[in-house]
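A short write-up of the structure that comes next.
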Amino acid sequence: MAAASTVTDLFSKNAVTRLPEGPRPRGTTPLTLSFENVSMTYPDGTEALRDVSLDIQKGEFVSIIGPSGCGKSTLARIASGLLEHSEGQVYIDRDHLAFTFQEATLLPWRRVMANIELLMELRGVPAAQRRRIAQEQVDLVGLTGFENRFPRALSGGMKMRASLARSLSLNPSVFLFDEPFGALDEITRERLLDETSALHRVKGFTGVFITHSIPEAVFLSDRVVVMGARPGRIAAEFAVDLPHPRTSDMRFTPEFAAGCVTVSKALRQTIHPTGDAS
């Protein structure tokens, strides 16, 4: 595959529209997040990312998929500010950003409600306001009645709901997801994907979802970005022209299956550029 990005539409003939290249200081375009020629080399010499350029529009939901070790999570951590990139520019408003990790990362000594209030507490939000907002998020993610449980009394899916509620309490304009459902069983994962899609419609945040799962990426996204093997680079992009709201039944449609096949072929090509899948 050529080093330059291959931009292909998933279900129609309209290619993804790319904005002009070049640095774009914050506020000059309707972008929420922009990577400009971003590279990342770790102190031990491992080159994780090379020359990544990616624009994400306000309100867009984008999934990033690629082989293990291609730098997907590194890219999300750079966006969040948890890692400093080696080269290039990143434009993002981190004052209104939320990040959900692979683990729920709940504090075991705090009850559900106190865990959800934690980020607001750290930002100095008054107690009464924290409690009101936390209860709204509890109801939104389906944890009503479990407010006073400790994390040890929750299932994996419920812990992740609490983690989502904690992030949503900040009313983020950008929501980064780093493989949050990877450790869950298939039924719980599908239910949380349904709920995440619904949350995106209700809240209108810009979503960036890191995943190994092709069905996850196609189901959630307006656009799927495929990364090549390390050092990670953008190999292909696909616009997902499936209607909203995304429902569970959509997973059984020919259009959804065709989209998964298309992304799968692009992903395989990044691993076996000659087409040899042996």
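In the structure tokens, the first chain shown is A, the next is B, and so on; residue numbers restart at 1 for each chain, and ligands run from 1 in the order shown.
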### Message
Give me, as a ChimeraX atom specification, the residues of segment 14-176 of chain A that a backbone DSSP run labels strand (DSSP E).
### Response
/A:31-41,47-57,61-65,87-92,97-100,174-176
Spatial neighbours of Val52 of chain A, 12 Å, only C-alpha atoms, chain gap at least 2 places, as number ranges by chain: A: 3-5, 21, 34-40, 48-50, 54-55, 70-72, 74-75, 78, 85-90, 225-228, 230-236
### Task
Provide the atom CA of Thr188 of chain A to atom CA of Gly157 of chain A distance in Å, to one decimal place.
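So the two atoms, atom CA of Thr188 of chain A and atom CA of Gly157 of chain A, lie 6.2 Å apart.
Around Leu118 of chain A, within 8 Å and counting only C-alpha atoms, the residues found are Ala114, Leu122 and Arg166 of chain A, once anything fewer than 4 positions away on its own chain is removed.
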So that I have them on file, write out the residues from the current selection with C-alpha atoms, as a short mmCIF file (atom, residue, chain, number, x, y, z; two decimals), in the first residue's frame.
```
data_model
loop_
_atom_site.label_atom_id
_atom_site.label_comp_id
_atom_site.auth_asym_id
_atom_site.auth_seq_id
_atom_site.Cartn_x
_atom_site.Cartn_y
_atom_site.Cartn_z
CA ALA A 114 -18.83 9.50 44.96
CA LEU A 122 -11.34 17.99 41.82
CA ARG A 166 -18.02 10.17 35.59
#
```
>> What's the separation between atom CA of Phe252 of chain A and atom CA of Thr196 of chain A, in Å to one decimal place?
In response: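 Here the two named atoms are 19.0 Å from each other.
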message: From a backbone DSSP assignment, name each residue in segment 100-183 of chain A labelled helix (DSSP H, G or I), as number ranges by chain.
response: A: 112-122, 127-141, 151-153, 156-168
Pairwise distance, atom CA of Met113 of chain A with atom CA of Leu170 of chain A, equals 14.4 Å
- prompt: Hey, what's within 10 Å of segment 253-264 of chain A if we count only C-alpha atoms and toss same-chain stuff fewer than 4 positions away? As number ranges by chain, please?
  reply: A: 8-11, 65-66, 213-219, 224-226, 236-242, 249, 268-269
So that I have them on file, write out the residues from the current selection with N, CA and C atoms, as a JSON list (two decimals), in the first residue's frame.
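Listed below is the output, result_7.json:
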```json
[["chain", "number", "residue", "atom", "x", "y", "z"],
["A", 8, "THR", "N", -11.52, 6.28, 1.01],
["A", 8, "THR", "CA", -12.53, 5.57, 0.27],
["A", 8, "THR", "C", -13.85, 5.65, 1.01],
["A", 9, "ASP", "N", -14.95, 5.81, 0.29],
["A", 9, "ASP", "CA", -16.26, 5.81, 0.92],
["A", 9, "ASP", "C", -16.73, 4.39, 1.14],
["A", 10, "LEU", "N", -17.43, 4.15, 2.26],
["A", 10, "LEU", "CA", -17.79, 2.80, 2.63],
["A", 10, "LEU", "C", -18.98, 2.26, 1.84],
["A", 11, "PHE", "N", -20.00, 3.07, 1.65],
["A", 11, "PHE", "CA", -21.20, 2.54, 1.03],
["A", 11, "PHE", "C", -21.68, 3.34, -0.17],
["A", 65, "ILE", "N", -8.81, 2.20, 14.12],
["A", 65, "ILE", "CA", -8.57, 0.77, 14.22],
["A", 65, "ILE", "C", -7.25, 0.44, 13.55],
["A", 66, "GLY", "N", -6.60, -0.60, 14.02],
["A", 66, "GLY", "CA", -5.32, -0.98, 13.43],
["A", 66, "GLY", "C", -4.75, -2.17, 14.17],
["A", 213, "SER", "N", -11.90, -3.87, 17.29],
["A", 213, "SER", "CA", -13.07, -4.55, 16.77],
["A", 213, "SER", "C", -13.64, -3.83, 15.55],
["A", 214, "ILE", "N", -13.67, -4.51, 14.42],
["A", 214, "ILE", "CA", -14.24, -3.92, 13.20],
["A", 214, "ILE", "C", -15.74, -3.66, 13.37],
["A", 215, "PRO", "N", -16.55, -4.60, 13.89],
["A", 215, "PRO", "CA", -17.97, -4.30, 14.08],
["A", 215, "PRO", "C", -18.21, -3.11, 15.00],
["A", 216, "GLU", "N", -17.42, -2.98, 16.07],
["A", 216, "GLU", "CA", -17.54, -1.81, 16.94],
["A", 216, "GLU", "C", -17.33, -0.53, 16.15],
["A", 217, "ALA", "N", -16.26, -0.49, 15.38],
["A", 217, "ALA", "CA", -15.90, 0.71, 14.64],
["A", 217, "ALA", "C", -16.99, 1.09, 13.65],
["A", 218, "VAL", "N", -17.50, 0.11, 12.90],
["A", 218, "VAL", "CA", -18.51, 0.41, 11.89],
["A", 218, "VAL", "C", -19.82, 0.82, 12.54],
["A", 219, "PHE", "N", -20.19, 0.16, 13.64],
["A", 219, "PHE", "CA", -21.47, 0.45, 14.28],
["A", 219, "PHE", "C", -21.52, 1.86, 14.85],
["A", 224, "VAL", "N", -14.38, 5.69, 9.83],
["A", 224, "VAL", "CA", -13.42, 4.74, 10.38],
["A", 224, "VAL", "C", -12.05, 5.04, 9.78],
["A", 225, "VAL", "N", -11.07, 5.19, 10.65],
["A", 225, "VAL", "CA", -9.69, 5.44, 10.24],
["A", 225, "VAL", "C", -8.88, 4.18, 10.51],
["A", 226, "VAL", "N", -8.20, 3.67, 9.49],
["A", 226, "VAL", "CA", -7.38, 2.47, 9.61],
["A", 226, "VAL", "C", -5.91, 2.89, 9.68],
["A", 236, "ALA", "N", -5.89, 4.24, 5.66],
["A", 236, "ALA", "CA", -7.15, 4.37, 4.90],
["A", 236, "ALA", "C", -8.21, 5.01, 5.78],
["A", 237, "GLU", "N", -9.19, 5.63, 5.14],
["A", 237, "GLU", "CA", -10.34, 6.21, 5.84],
["A", 237, "GLU", "C", -11.60, 5.83, 5.10],
["A", 238, "PHE", "N", -12.69, 5.61, 5.86],
["A", 238, "PHE", "CA", -13.96, 5.22, 5.26],
["A", 238, "PHE", "C", -15.10, 5.99, 5.91],
["A", 239, "ALA", "N", -15.94, 6.60, 5.12],
["A", 239, "ALA", "CA", -17.16, 7.22, 5.63],
["A", 239, "ALA", "C", -18.22, 6.14, 5.80],
["A", 240, "VAL", "N", -18.89, 6.13, 6.97],
["A", 240, "VAL", "CA", -19.91, 5.13, 7.25],
["A", 240, "VAL", "C", -21.28, 5.75, 7.01],
["A", 241, "ASP", "N", -21.90, 5.36, 5.92],
["A", 241, "ASP", "CA", -23.17, 5.95, 5.52],
["A", 241, "ASP", "C", -24.33, 5.08, 5.98],
["A", 242, "LEU", "N", -24.39, 4.84, 7.29],
["A", 242, "LEU", "CA", -25.51, 4.11, 7.90],
["A", 242, "LEU", "C", -26.39, 5.11, 8.64],
["A", 249, "ASP", "N", -30.50, -4.14, 15.60],
["A", 249, "ASP", "CA", -30.88, -4.88, 14.39],
["A", 249, "ASP", "C", -30.02, -4.52, 13.19],
["A", 268, "ARG", "N", -6.37, -5.80, 6.71],
["A", 268, "ARG", "CA", -5.49, -6.89, 6.30],
["A", 268, "ARG", "C", -4.38, -6.38, 5.37],
["A", 269, "GLN", "N", -4.73, -5.42, 4.53],
["A", 269, "GLN", "CA", -3.75, -4.88, 3.60],
["A", 269, "GLN", "C", -2.62, -4.16, 4.33]]
```
Residue contacts of Ser163 of chain A (8 Å, only C-alpha atoms) excluding same-chain residues fewer than 6 positions away, as a ChimeraX atom specification: /A:100,104-106,116
Next, dump the selected residues to file, keeping only N, CA and C atoms, as a compact mmCIF listing (two decimals), in the first residue's frame.
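File written: selection.txt
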```txt
# COMPACT_ATOMS: atom_id res chain seq x y z
N THR A 100 -12.05 7.89 28.61
CA THR A 100 -12.41 6.62 29.24
C THR A 100 -11.40 5.57 28.82
N ALA A 104 -12.19 0.49 34.03
CA ALA A 104 -13.11 1.50 34.55
C ALA A 104 -12.41 2.48 35.49
N THR A 105 -11.32 2.09 36.13
CA THR A 105 -10.51 2.94 37.02
C THR A 105 -11.34 3.64 38.09
N LEU A 106 -12.27 2.91 38.69
CA LEU A 106 -13.04 3.45 39.81
C LEU A 106 -12.24 3.28 41.10
N ILE A 116 -18.51 9.04 40.64
CA ILE A 116 -18.98 9.87 39.53
C ILE A 116 -18.74 11.36 39.83
```
